[in-house]
>>> print(open('upload01.pdb').read())   # PDB, C-alpha atoms and all ligand atoms
ATOM      1  CA  MET A  22     -24.366  -7.852  10.923
ATOM      2  CA  GLY A  23     -22.689  -5.709  13.490
ATOM      3  CA  LEU A  24     -19.064  -4.847  13.623
ATOM      4  CA  ARG A  25     -16.895  -7.416  15.272
ATOM      5  CA  PRO A  26     -16.129  -6.819  18.933
ATOM      6  CA  ASN A  27     -12.422  -6.386  18.397
ATOM      7  CA  LEU A  28     -13.203  -3.477  16.122
ATOM      8  CA  LEU A  29     -15.129  -1.821  18.882
ATOM      9  CA  THR A  30     -12.423  -2.381  21.418
ATOM     10  CA  ARG A  31      -9.650  -1.292  19.144
ATOM     11  CA  ARG A  32     -11.351   1.669  17.626
ATOM     12  CA  THR A  33     -12.867   4.187  19.945
ATOM     13  CA  ALA A  34     -13.319   7.138  17.651
ATOM     14  CA  GLY A  35     -16.817   7.762  16.389
ATOM     15  CA  VAL A  36     -17.712   7.494  12.747
ATOM     16  CA  ALA A  37     -18.372  10.952  11.447
ATOM     17  CA  SER A  38     -20.984  11.639   8.817
ATOM     18  CA  THR A  39     -18.852  13.655   6.487
ATOM     19  CA  THR A  40     -19.357  12.610   2.931
ATOM     20  CA  LEU A  41     -16.191  11.627   1.269
ATOM     21  CA  ALA A  42     -14.965  10.174  -1.894
ATOM     22  CA  LEU A  43     -12.049   7.831  -1.918
ATOM     23  CA  LEU A  44     -10.854   7.446  -5.406
ATOM     24  CA  LEU A  45      -8.352   5.148  -6.900
ATOM     25  CA  SER A  46      -6.188   6.696  -9.488
ATOM     26  CA  THR A  47      -4.117   4.707 -11.826
ATOM     27  CA  ALA A  48      -1.187   6.730 -12.911
ATOM     28  CA  ALA A  49       1.223   5.352 -15.380
ATOM     29  CA  VAL A  50       4.645   5.706 -13.899
ATOM     30  CA  GLY A  51       7.605   5.306 -16.140
ATOM     31  CA  VAL A  52      10.428   3.078 -15.175
ATOM     32  CA  VAL A  53      13.886   4.265 -14.374
ATOM     33  CA  PRO A  54      16.127   1.280 -14.788
ATOM     34  CA  ALA A  55      18.246   0.891 -11.715
ATOM     35  CA  ALA A  56      20.857  -1.582 -10.700
ATOM     36  CA  SER A  57      18.871  -4.588  -9.650
ATOM     37  CA  ALA A  58      19.378  -5.867  -6.147
ATOM     38  CA  PHE A  59      17.751  -9.052  -7.296
ATOM     39  CA  SER A  60      20.855 -11.020  -8.075
ATOM     40  CA  ALA A  61      18.839 -14.222  -8.280
ATOM     41  CA  ALA A  62      17.125 -13.153 -11.458
ATOM     42  CA  PRO A  63      18.459 -14.507 -14.697
ATOM     43  CA  ALA A  64      19.711 -11.824 -17.030
ATOM     44  CA  ASP A  65      16.736 -12.188 -19.316
ATOM     45  CA  ALA A  66      14.211 -11.963 -16.519
ATOM     46  CA  CYS A  67      13.765  -8.259 -16.567
ATOM     47  CA  ALA A  68      10.860  -7.844 -18.927
ATOM     48  CA  GLU A  69       8.072  -6.032 -17.175
ATOM     49  CA  PRO A  70       4.485  -5.388 -18.063
ATOM     50  CA  ALA A  71       4.380  -2.043 -19.788
ATOM     51  CA  ASP A  72       2.049  -0.569 -17.226
ATOM     52  CA  VAL A  73       3.361   0.264 -13.820
ATOM     53  CA  HIS A  74       0.697   1.514 -11.519
ATOM     54  CA  SER A  75       0.481   3.218  -8.250
ATOM     55  CA  ASP A  76      -2.578   3.398  -6.087
ATOM     56  CA  ALA A  77      -3.992   6.417  -4.440
ATOM     57  CA  ARG A  78      -6.516   7.314  -1.792
ATOM     58  CA  VAL A  79      -8.277  10.645  -1.942
ATOM     59  CA  LYS A  80      -9.824  12.553   0.908
ATOM     60  CA  ALA A  81     -13.343  13.873   1.188
ATOM     61  CA  GLY A  82     -14.460  16.271  -1.485
ATOM     62  CA  ALA A  83     -11.152  16.085  -3.250
ATOM     63  CA  HIS A  84     -10.685  16.522  -6.927
ATOM     64  CA  ALA A  85      -7.905  14.295  -8.113
ATOM     65  CA  LYS A  86      -6.057  15.318 -11.217
ATOM     66  CA  GLN A  87      -6.114  11.775 -12.499
ATOM     67  CA  GLU A  88      -9.254  10.171 -13.738
ATOM     68  CA  PRO A  89     -10.556   7.956 -10.956
ATOM     69  CA  ASN A  90      -9.980   4.416 -12.008
ATOM     70  CA  GLU A  91      -8.868   1.017 -10.971
ATOM     71  CA  LEU A  92      -6.753  -1.591 -12.647
ATOM     72  CA  THR A  93      -8.414  -2.904 -15.760
ATOM     73  CA  ALA A  94      -9.000  -6.604 -16.257
ATOM     74  CA  LYS A  95      -6.177  -6.606 -18.803
ATOM     75  CA  GLU A  96      -3.808  -4.996 -16.328
ATOM     76  CA  THR A  97      -4.588  -7.477 -13.596
ATOM     77  CA  ARG A  98      -4.141 -10.363 -16.066
ATOM     78  CA  GLU A  99      -0.719  -8.991 -16.958
ATOM     79  CA  ARG A 100       0.210  -8.659 -13.318
ATOM     80  CA  GLU A 101      -0.925 -12.200 -12.541
ATOM     81  CA  ALA A 102       1.013 -13.583 -15.515
ATOM     82  CA  ASP A 103       4.082 -11.708 -14.323
ATOM     83  CA  LEU A 104       3.715 -13.160 -10.842
ATOM     84  CA  ALA A 105       3.514 -16.666 -12.288
ATOM     85  CA  ALA A 106       6.608 -16.013 -14.395
ATOM     86  CA  ALA A 107       8.496 -14.638 -11.410
ATOM     87  CA  LEU A 108       7.604 -17.711  -9.373
ATOM     88  CA  ARG A 109       8.851 -19.976 -12.132
ATOM     89  CA  GLU A 110      12.126 -18.107 -12.292
ATOM     90  CA  ARG A 111      12.612 -18.407  -8.564
ATOM     91  CA  ALA A 112      11.844 -22.107  -8.637
ATOM     92  CA  ASN A 113      14.345 -22.669 -11.444
ATOM     93  CA  PHE A 114      17.000 -20.647  -9.690
ATOM     94  CA  ARG A 115      16.536 -22.553  -6.482
ATOM     95  CA  THR A 116      16.888 -25.950  -8.063
ATOM     96  CA  GLY A 117      19.917 -27.382  -6.407
ATOM     97  CA  ALA A 118      20.565 -24.251  -4.424
ATOM     98  CA  GLY A 119      18.818 -25.501  -1.340
ATOM     99  CA  ALA A 120      17.042 -22.225  -0.749
ATOM    100  CA  ALA A 121      13.603 -22.449   0.765
ATOM    101  CA  ALA A 122      10.712 -20.065   0.434
ATOM    102  CA  LEU A 123      10.455 -17.787   3.403
ATOM    103  CA  ALA A 124       7.604 -18.218   5.851
ATOM    104  CA  ALA A 125       8.377 -15.323   8.169
ATOM    105  CA  VAL A 126       9.728 -11.991   7.049
ATOM    106  CA  THR A 127      11.016  -8.975   8.921
ATOM    107  CA  ILE A 128      10.926  -5.972   6.652
ATOM    108  CA  PRO A 129      13.439  -3.188   7.235
ATOM    109  CA  VAL A 130      11.743   0.199   7.005
ATOM    110  CA  VAL A 131      13.345   3.482   6.012
ATOM    111  CA  VAL A 132      11.115   6.483   6.651
ATOM    112  CA  HIS A 133      11.798   9.689   4.763
ATOM    113  CA  VAL A 134      10.106  12.679   6.373
ATOM    114  CA  ILE A 135       9.723  15.350   3.714
ATOM    115  CA  GLN A 136       9.431  18.769   5.329
ATOM    116  CA  GLU A 137       8.869  22.242   4.001
ATOM    117  CA  ASP A 138      10.503  23.734   7.077
ATOM    118  CA  GLY A 139      10.984  22.965  10.750
ATOM    119  CA  THR A 140       7.386  23.556  11.808
ATOM    120  CA  ARG A 141       4.729  20.930  12.431
ATOM    121  CA  ALA A 142       2.599  22.568   9.736
ATOM    122  CA  GLY A 143       5.587  22.207   7.486
ATOM    123  CA  GLY A 144       5.774  18.484   8.043
ATOM    124  CA  ASN A 145       8.018  18.226  11.075
ATOM    125  CA  ILE A 146       6.335  15.471  13.072
ATOM    126  CA  PRO A 147       7.878  13.865  16.141
ATOM    127  CA  ASP A 148       9.613  10.505  16.023
ATOM    128  CA  SER A 149       6.890   9.188  18.327
ATOM    129  CA  MET A 150       4.327   9.325  15.504
ATOM    130  CA  ILE A 151       6.607   7.301  13.264
ATOM    131  CA  ASN A 152       7.191   4.735  15.995
ATOM    132  CA  SER A 153       3.425   4.518  16.462
ATOM    133  CA  GLN A 154       2.978   3.929  12.739
ATOM    134  CA  ILE A 155       5.410   1.019  12.873
ATOM    135  CA  SER A 156       3.448  -0.393  15.812
ATOM    136  CA  VAL A 157       0.205  -0.080  13.828
ATOM    137  CA  LEU A 158       1.780  -1.999  10.954
ATOM    138  CA  ASN A 159       3.018  -4.723  13.263
ATOM    139  CA  GLU A 160      -0.362  -5.011  14.953
ATOM    140  CA  ALA A 161      -2.230  -5.170  11.656
ATOM    141  CA  TYR A 162       0.059  -7.632   9.920
ATOM    142  CA  SER A 163       0.314  -9.949  12.938
ATOM    143  CA  GLY A 164      -3.446 -10.286  13.161
ATOM    144  CA  GLY A 165      -3.420  -8.386  16.417
ATOM    145  CA  THR A 166      -6.377  -6.254  15.393
ATOM    146  CA  GLY A 167      -8.544  -9.239  14.556
ATOM    147  CA  GLY A 168      -7.611 -10.451  11.097
ATOM    148  CA  ALA A 169      -5.415 -13.255   9.884
ATOM    149  CA  ALA A 170      -1.780 -13.266  10.935
ATOM    150  CA  THR A 171       0.527 -12.597   8.012
ATOM    151  CA  ALA A 172       4.182 -13.521   7.656
ATOM    152  CA  PHE A 173       5.298  -9.929   7.963
ATOM    153  CA  SER A 174       6.727  -7.756  10.678
ATOM    154  CA  PHE A 175       8.328  -4.362  10.349
ATOM    155  CA  GLN A 176      11.493  -2.978  11.859
ATOM    156  CA  LEU A 177      12.285   0.713  11.702
ATOM    157  CA  GLN A 178      15.799   1.055  10.416
ATOM    158  CA  LYS A 179      16.154   4.768   9.892
ATOM    159  CA  ILE A 180      14.346   8.088   9.962
ATOM    160  CA  ASN A 181      15.640  10.405   7.285
ATOM    161  CA  ARG A 182      14.490  14.015   7.655
ATOM    162  CA  VAL A 183      14.639  16.091   4.503
ATOM    163  CA  THR A 184      13.765  19.768   4.265
ATOM    164  CA  ASN A 185      13.074  20.625   0.659
ATOM    165  CA  PRO A 186      10.223  22.955  -0.356
ATOM    166  CA  ALA A 187      10.484  21.641  -3.929
ATOM    167  CA  TRP A 188       9.188  18.254  -2.701
ATOM    168  CA  TYR A 189       6.436  19.729  -0.555
ATOM    169  CA  PRO A 190       3.751  18.766  -1.265
ATOM    170  CA  ILE A 191       4.696  15.508  -2.947
ATOM    171  CA  VAL A 192       2.877  15.574  -6.271
ATOM    172  CA  GLN A 193       1.812  12.145  -7.513
ATOM    173  CA  GLY A 194       3.375  11.239 -10.830
ATOM    174  CA  SER A 195       5.492  14.370 -10.998
ATOM    175  CA  SER A 196       9.103  14.710 -11.987
ATOM    176  CA  ALA A 197       9.663  16.002  -8.463
ATOM    177  CA  GLU A 198       8.390  12.703  -7.051
ATOM    178  CA  ARG A 199      10.801  10.862  -9.319
ATOM    179  CA  SER A 200      13.641  13.141  -8.319
ATOM    180  CA  MET A 201      12.811  12.716  -4.637
ATOM    181  CA  LYS A 202      12.714   8.937  -4.807
ATOM    182  CA  THR A 203      15.782   8.694  -7.003
ATOM    183  CA  SER A 204      17.698  10.786  -4.488
ATOM    184  CA  LEU A 205      16.434   9.160  -1.338
ATOM    185  CA  ARG A 206      15.511   5.520  -1.881
ATOM    186  CA  GLU A 207      17.615   3.101   0.130
ATOM    187  CA  GLY A 208      18.099  -0.645   0.314
ATOM    188  CA  GLY A 209      17.202  -3.608  -1.821
ATOM    189  CA  LYS A 210      13.892  -5.059  -2.911
ATOM    190  CA  ASN A 211      13.109  -6.120   0.628
ATOM    191  CA  THR A 212      13.456  -2.606   2.062
ATOM    192  CA  LEU A 213      10.262  -0.661   2.554
ATOM    193  CA  ASN A 214      10.847   3.000   1.790
ATOM    194  CA  VAL A 215       8.108   5.230   3.200
ATOM    195  CA  TYR A 216       7.871   8.843   2.102
ATOM    196  CA  LEU A 217       5.894  11.088   4.453
ATOM    197  CA  GLY A 218       4.750  14.516   3.434
ATOM    198  CA  GLU A 219       1.946  16.819   2.483
ATOM    199  CA  LEU A 220       0.403  15.298  -0.639
ATOM    200  CA  SER A 221      -1.070  16.715  -3.802
ATOM    201  CA  ASP A 222      -4.734  16.527  -4.718
ATOM    202  CA  ASP A 223      -5.915  15.701  -1.190
ATOM    203  CA  LEU A 224      -4.448  12.247  -1.529
ATOM    204  CA  LEU A 225      -3.899  10.072   1.515
ATOM    205  CA  GLY A 226      -1.241   7.926  -0.075
ATOM    206  CA  TRP A 227      -0.118   5.781  -2.953
ATOM    207  CA  ALA A 228       2.091   2.760  -3.487
ATOM    208  CA  THR A 229       3.879   0.745  -6.119
ATOM    209  CA  PHE A 230       3.243  -2.936  -6.743
ATOM    210  CA  PRO A 231       6.227  -5.295  -6.631
ATOM    211  CA  LYS A 232       8.182  -5.825  -9.821
ATOM    212  CA  ARG A 233      10.811  -8.252 -10.991
ATOM    213  CA  ARG A 234      13.358  -5.510 -11.448
ATOM    214  CA  LEU A 235      13.831  -2.983  -8.705
ATOM    215  CA  ASP A 236      13.512   0.647  -9.716
ATOM    216  CA  SER A 237      13.828   3.830  -7.781
ATOM    217  CA  MET A 238      10.081   4.485  -7.670
ATOM    218  CA  ASP A 239       9.502   1.467  -5.443
ATOM    219  CA  GLY A 240       7.901   2.367  -2.135
ATOM    220  CA  VAL A 241       4.909   3.954  -0.497
ATOM    221  CA  VAL A 242       3.960   7.582  -0.081
ATOM    222  CA  VAL A 243       1.789   8.446   2.899
ATOM    223  CA  LEU A 244       0.229  11.664   4.114
ATOM    224  CA  THR A 245       2.170  12.735   7.195
ATOM    225  CA  GLU A 246      -0.960  13.615   9.153
ATOM    226  CA  SER A 247      -2.494  10.166   8.522
ATOM    227  CA  LEU A 248      -0.070   8.714  11.018
ATOM    228  CA  PRO A 249      -1.443   7.858  14.462
ATOM    229  CA  GLY A 250      -2.158  11.086  16.272
ATOM    230  CA  GLY A 251      -2.200  13.117  13.075
ATOM    231  CA  THR A 252      -4.746  15.708  12.053
ATOM    232  CA  ALA A 253      -6.367  13.867   9.100
ATOM    233  CA  THR A 254      -9.839  13.390  10.547
ATOM    234  CA  ASN A 255     -11.151   9.832  10.067
ATOM    235  CA  TYR A 256      -7.801   8.808   8.617
ATOM    236  CA  ASN A 257      -5.409   9.360  11.470
ATOM    237  CA  GLN A 258      -4.961   5.929  13.014
ATOM    238  CA  GLY A 259      -2.261   4.771  10.645
ATOM    239  CA  ASP A 260      -4.284   2.564   8.322
ATOM    240  CA  THR A 261      -3.376   4.490   5.202
ATOM    241  CA  GLY A 262       0.086   3.117   5.870
ATOM    242  CA  THR A 263      -1.342  -0.376   6.403
ATOM    243  CA  HIS A 264      -3.347  -0.141   3.155
ATOM    244  CA  GLU A 265      -0.502   1.176   1.017
ATOM    245  CA  VAL A 266       1.939  -1.415   2.326
ATOM    246  CA  GLY A 267      -0.675  -4.010   1.334
ATOM    247  CA  HIS A 268      -0.319  -2.823  -2.266
ATOM    248  CA  TRP A 269       3.469  -2.850  -1.930
ATOM    249  CA  LEU A 270       3.076  -6.516  -0.946
ATOM    250  CA  ASN A 271       0.924  -7.173  -4.044
ATOM    251  CA  LEU A 272      -2.626  -6.874  -2.715
ATOM    252  CA  TYR A 273      -5.367  -5.360  -4.831
ATOM    253  CA  HIS A 274      -8.363  -3.527  -3.495
ATOM    254  CA  THR A 275     -11.174  -5.762  -2.270
ATOM    255  CA  PHE A 276     -13.397  -4.171  -4.916
ATOM    256  CA  GLN A 277     -10.972  -4.911  -7.767
ATOM    257  CA  GLY A 278     -12.943  -6.249 -10.717
ATOM    258  CA  GLY A 279     -16.308  -5.656  -9.062
ATOM    259  CA  CYS A 280     -18.702  -8.596  -8.915
ATOM    260  CA  ARG A 281     -17.320 -10.484 -11.890
ATOM    261  CA  GLY A 282     -14.241 -12.502 -12.652
ATOM    262  CA  SER A 283     -11.440 -13.204 -10.236
ATOM    263  CA  GLY A 284     -11.859  -9.931  -8.361
ATOM    264  CA  ASP A 285      -8.879  -9.280  -6.135
ATOM    265  CA  GLY A 286      -7.445 -12.745  -6.737
ATOM    266  CA  VAL A 287      -8.210 -13.781  -3.172
ATOM    267  CA  SER A 288     -10.930 -16.346  -2.489
ATOM    268  CA  ASP A 289     -11.892 -15.343   1.034
ATOM    269  CA  THR A 290     -12.642 -11.673   0.383
ATOM    270  CA  PRO A 291     -16.232 -11.602  -0.888
ATOM    271  CA  ALA A 292     -16.675  -9.669  -4.106
ATOM    272  CA  GLU A 293     -17.967  -6.120  -3.876
ATOM    273  CA  ALA A 294     -19.166  -3.958  -6.707
ATOM    274  CA  GLU A 295     -17.474  -0.726  -5.697
ATOM    275  CA  PRO A 296     -15.412   0.854  -2.940
ATOM    276  CA  ALA A 297     -17.008   1.217   0.473
ATOM    277  CA  TYR A 298     -16.778   4.637   2.111
ATOM    278  CA  GLN A 299     -17.102   5.543   5.786
ATOM    279  CA  CYS A 300     -18.389   2.314   7.397
ATOM    280  CA  PRO A 301     -21.518   0.895   5.701
ATOM    281  CA  THR A 302     -22.091  -2.092   7.965
ATOM    282  CA  GLY A 303     -24.015  -4.932   6.327
ATOM    283  CA  ARG A 304     -23.509  -3.713   2.779
ATOM    284  CA  ASP A 305     -23.857  -6.428   0.155
ATOM    285  CA  THR A 306     -23.385  -5.286  -3.433
ATOM    286  CA  CYS A 307     -22.815  -8.615  -5.232
ATOM    287  CA  THR A 308     -25.063 -11.636  -5.498
ATOM    288  CA  ALA A 309     -22.206 -14.000  -4.706
ATOM    289  CA  ALA A 310     -21.982 -15.242  -1.141
ATOM    290  CA  GLY A 311     -20.753 -12.967   1.596
ATOM    291  CA  LEU A 312     -21.220  -9.402   2.717
ATOM    292  CA  ASP A 313     -18.893  -6.759   1.332
ATOM    293  CA  PRO A 314     -15.529  -6.875   3.115
ATOM    294  CA  ILE A 315     -15.784  -3.325   4.392
ATOM    295  CA  THR A 316     -13.610  -4.030   7.423
ATOM    296  CA  ASN A 317     -10.736  -5.166   5.254
ATOM    297  CA  PHE A 318      -7.639  -2.980   5.138
ATOM    298  CA  MET A 319      -7.816  -3.031   1.341
ATOM    299  CA  ASP A 320     -11.203  -1.313   1.120
ATOM    300  CA  TYR A 321     -11.682   2.473   1.346
ATOM    301  CA  THR A 322     -13.477   2.795   4.670
ATOM    302  CA  TYR A 323     -12.503   4.968   7.615
ATOM    303  CA  ASP A 324      -9.577   3.888   9.746
ATOM    304  CA  THR A 325     -12.070   3.213  12.538
ATOM    305  CA  CYS A 326     -13.839   0.682  10.296
ATOM    306  CA  MET A 327     -10.982  -1.385   8.846
ATOM    307  CA  TYR A 328      -9.103  -3.870  10.952
ATOM    308  CA  GLN A 329      -8.257  -7.044   9.089
ATOM    309  CA  PHE A 330      -6.517  -8.971   6.370
ATOM    310  CA  THR A 331      -7.770 -12.443   5.428
ATOM    311  CA  ALA A 332      -5.845 -15.708   5.304
ATOM    312  CA  GLY A 333      -6.068 -15.569   1.523
ATOM    313  CA  GLN A 334      -4.515 -12.114   1.458
ATOM    314  CA  ALA A 335      -1.766 -13.270   3.811
ATOM    315  CA  GLU A 336      -0.995 -16.138   1.446
ATOM    316  CA  ARG A 337      -1.036 -13.879  -1.598
ATOM    317  CA  MET A 338       1.402 -11.454   0.035
ATOM    318  CA  LEU A 339       3.809 -14.212   1.042
ATOM    319  CA  THR A 340       3.707 -15.769  -2.413
ATOM    320  CA  ALA A 341       4.503 -12.400  -3.954
ATOM    321  CA  TRP A 342       7.263 -11.796  -1.429
ATOM    322  CA  ASN A 343       8.983 -14.996  -2.380
ATOM    323  CA  ALA A 344       8.531 -14.211  -6.057
ATOM    324  CA  TYR A 345       9.616 -10.587  -6.010
ATOM    325  CA  ARG A 346      11.218  -9.316  -2.838
ATOM    326  CA  ALA A 347      12.959 -12.189  -1.074
ATOM    327  CA  ALA A 348      16.725 -12.001  -1.082
TER     328      ALA A 348
HETATM  329 ZN    ZN A 401      -5.373   1.497  -2.498
END
>>> encode(input="upload01.pdb", output="structure tokens")
Amino acid sequence: MGLRPNLLTRRTAGVASTTLALLLSTAAVGVVPAASAFSAAPADACAEPADVHSDARVKAGAHAKQEPNELTAKETREREADLAAALRERANFRTGAGAAALAAVTIPVVVHVIQEDGTRAGGNIPDSMINSQISVLNEAYSGGTGGAATAFSFQLQKINRVTNPAWYPIVQGSSAERSMKTSLREGGKNTLNVYLGELSDDLLGWATFPKRRLDSMDGVVVLTESLPGGTATNYNQGDTGTHEVGHWLNLYHTFQGGCRGSGDGVSDTPAEAEPAYQCPTGRDTCTAAGLDPITNFMDYTYDTCMYQFTAGQAERMLTAWNAYRAA
């Protein structure tokens, strides 16, 4: 099966042959209790699964410090149970309150540009690249690139430029990352904080999943040069941002769980045994129906290859929004 026409019209860059490895690291990230902006939560609603994970993408030939991994079946079960519990809490809270679940969401975005100095090599990118990234998010999440329309749109609220060599590069799981986020994070649970910088271990980005209690680690970290017009070859059309925000909105990778079980918890993303790299058109790694969803934003293919979310993913994100991030 060939790529869909909208892919070809949207994406003009060729697919290079460079071998790469995109690895998912699971890094246990401790929780810094913070004042919860989630006033709707009952006082006893703050129990969290012990494991808090962030997701990472790794560039070609990179050697990540963390053991490449994905969420275990136990971890996904815990996350799903937590989502169900969060939904129950919201339903109970809303009884008699007249509040309705949201069907359309505009997400305020605060972008922190972490710079080593004032040079481009030191992380000083123009505002135009950030505006382009917001446009890429809006295109992707509205279905404008060919996938399902989701409930989400994104509105840039602020660009915060920070020159601090101690945070450059941003090292995943480090005390410096914690310090950076604790110092800089703004807004409530509905505010998307994006941290741009040079990243450790050749990573392209990582993100936190939503939680019932807001903590200062919440947000996404994205390689500055992965923004549209950046220098990260094969990854410079802004889809690292799209992918990481997908995690922030509770999506798993399309290859989560491999061929067995509930996979990524979404029924219209065919199961795939392992991540897809580059753009292996027609790949089919599981016996269940459907080719591997290599064009999905939640796989590991090149930016030129990925262009869609599914209706099931859109529903999963909205459900999670109403459970975790809605005001
Ligand atoms: Zn990921």
>>> residues_near_point(input="upload01.pdb", point="(-4.8, -11.0, -0.1)", cutoff="9 Å", atoms="all atoms listed in the file", output="number ranges by chain")
A: 267, 271-275, 285-290, 319, 330-338
>>> residues_around(input="upload01.pdb", residues="Ala107 of chain A", least_positions_apart="3", cutoff="9 Å", atoms="only C-alpha atoms", output="short mmCIF file (atom, residue, chain, number, x, y, z; two decimals) with C-alpha atoms, in the coordinates of the input")
data_model
loop_
_atom_site.label_atom_id
_atom_site.label_comp_id
_atom_site.auth_asym_id
_atom_site.auth_seq_id
_atom_site.Cartn_x
_atom_site.Cartn_y
_atom_site.Cartn_z
CA ALA A 62 17.12 -13.15 -11.46
CA ALA A 66 14.21 -11.96 -16.52
CA ALA A 102 1.01 -13.58 -15.52
CA ASP A 103 4.08 -11.71 -14.32
CA LEU A 104 3.72 -13.16 -10.84
CA GLU A 110 12.13 -18.11 -12.29
CA ARG A 111 12.61 -18.41 -8.56
CA ALA A 112 11.84 -22.11 -8.64
CA LYS A 232 8.18 -5.82 -9.82
CA ARG A 233 10.81 -8.25 -10.99
CA ALA A 341 4.50 -12.40 -3.95
CA ALA A 344 8.53 -14.21 -6.06
CA TYR A 345 9.62 -10.59 -6.01
#
>>> closest_residue(input="upload01.pdb", among="A:Arg109, A:Arg199, A:Lys210, A:Arg182", to="Pro231 of chain A", atoms="all atoms listed in the file")
A:Lys210
>>> atom_distance(input="upload01.pdb", atom1="atom CA of Thr316 of chain A", atom2="atom CA of Leu224 of chain A")
20.7 Å
>>> atom_distance(input="upload01.pdb", atom1="atom CA of Ser163 of chain A", atom2="atom CA of Leu312 of chain A")
23.8 Å
>>> residues_around(input="upload01.pdb", residues="segment 150-159 of chain A", least_positions_apart="2", cutoff="8 Å", atoms="all atoms listed in the file", output="number ranges by chain")
A: 146-148, 161-163, 173-177, 248-251, 258-260, 262-263
>>> atom_distance(input="upload01.pdb", atom1="atom CA of Ile191 of chain A", atom2="atom CA of Glu246 of chain A")
13.5 Å
>>> resolve_selection(input="upload01.pdb", expression="the PyMOL selection byres (((chain A and resi 208) around 10) and not hetatm)", output="list in words")
Ala58, Pro129, Val130, Val131, Arg206, Glu207, Gly209, Lys210, Asn211, Thr212, Leu213 and Asn214 of chain A
>>> closest_residue(input="upload01.pdb", among="A:Thr340, A:Gln329, A:Gln277, A:Gln299", to="ligand ZN 401 (chain A)", atoms="only C-alpha atoms and all ligand atoms")
A:Gln277
>>> resolve_selection(input="upload01.pdb", expression="the PyMOL selection byres (((chain A and resi 218) around 12) and not hetatm)", output="VMD selection string")
chain A and resid 132 to 138 141 to 146 182 to 193 198 201 215 to 217 219 to 221 223 to 227 241 to 248 251
>>> build_atoms(input="upload01.pdb", residues="segment 203-207 of chain A", atoms="all heavy atoms", output="PDB file, in the coordinates of the input")
ATOM      1  N   THR A 203      14.474   9.046  -6.461  1.00  0.00           N
ATOM      2  CA  THR A 203      15.782   8.694  -7.003  1.00  0.00           C
ATOM      3  C   THR A 203      16.894   9.123  -6.047  1.00  0.00           C
ATOM      4  O   THR A 203      17.884   8.416  -5.845  1.00  0.00           O
ATOM      5  CB  THR A 203      15.980   9.348  -8.380  1.00  0.00           C
ATOM      6  OG1 THR A 203      14.925   8.935  -9.244  1.00  0.00           O
ATOM      7  CG2 THR A 203      17.318   8.969  -8.995  1.00  0.00           C
ATOM      8  N   SER A 204      16.685  10.279  -5.423  1.00  0.00           N
ATOM      9  CA  SER A 204      17.698  10.786  -4.488  1.00  0.00           C
ATOM     10  C   SER A 204      17.714  10.025  -3.171  1.00  0.00           C
ATOM     11  O   SER A 204      18.773   9.843  -2.569  1.00  0.00           O
ATOM     12  CB  SER A 204      17.433  12.266  -4.184  1.00  0.00           C
ATOM     13  OG  SER A 204      17.458  13.036  -5.334  1.00  0.00           O
ATOM     14  N   LEU A 205      16.539   9.613  -2.719  1.00  0.00           N
ATOM     15  CA  LEU A 205      16.434   9.160  -1.338  1.00  0.00           C
ATOM     16  C   LEU A 205      16.322   7.660  -1.134  1.00  0.00           C
ATOM     17  O   LEU A 205      16.650   7.153  -0.056  1.00  0.00           O
ATOM     18  CB  LEU A 205      15.218   9.823  -0.663  1.00  0.00           C
ATOM     19  CG  LEU A 205      15.206  11.353  -0.620  1.00  0.00           C
ATOM     20  CD1 LEU A 205      13.959  11.827   0.118  1.00  0.00           C
ATOM     21  CD2 LEU A 205      16.463  11.900   0.045  1.00  0.00           C
ATOM     22  N   ARG A 206      15.827   6.929  -2.132  1.00  0.00           N
ATOM     23  CA  ARG A 206      15.511   5.520  -1.881  1.00  0.00           C
ATOM     24  C   ARG A 206      16.739   4.729  -1.425  1.00  0.00           C
ATOM     25  O   ARG A 206      17.820   4.891  -1.972  1.00  0.00           O
ATOM     26  CB  ARG A 206      14.923   4.839  -3.129  1.00  0.00           C
ATOM     27  CG  ARG A 206      14.258   3.523  -2.763  1.00  0.00           C
ATOM     28  CD  ARG A 206      13.866   2.640  -3.939  1.00  0.00           C
ATOM     29  NE  ARG A 206      13.183   1.454  -3.429  1.00  0.00           N
ATOM     30  CZ  ARG A 206      13.810   0.441  -2.821  1.00  0.00           C
ATOM     31  NH1 ARG A 206      15.125   0.451  -2.686  1.00  0.00           N
ATOM     32  NH2 ARG A 206      13.119  -0.578  -2.338  1.00  0.00           N
ATOM     33  N   GLU A 207      16.524   3.905  -0.418  1.00  0.00           N
ATOM     34  CA  GLU A 207      17.615   3.101   0.130  1.00  0.00           C
ATOM     35  C   GLU A 207      17.261   1.623   0.146  1.00  0.00           C
ATOM     36  O   GLU A 207      16.104   1.254   0.234  1.00  0.00           O
ATOM     37  CB  GLU A 207      17.917   3.531   1.581  1.00  0.00           C
ATOM     38  CG  GLU A 207      18.443   4.943   1.705  1.00  0.00           C
ATOM     39  CD  GLU A 207      18.877   5.262   3.136  1.00  0.00           C
ATOM     40  OE1 GLU A 207      19.118   4.332   3.921  1.00  0.00           O
ATOM     41  OE2 GLU A 207      18.953   6.469   3.445  1.00  0.00           O
TER      42      GLU A 207
END
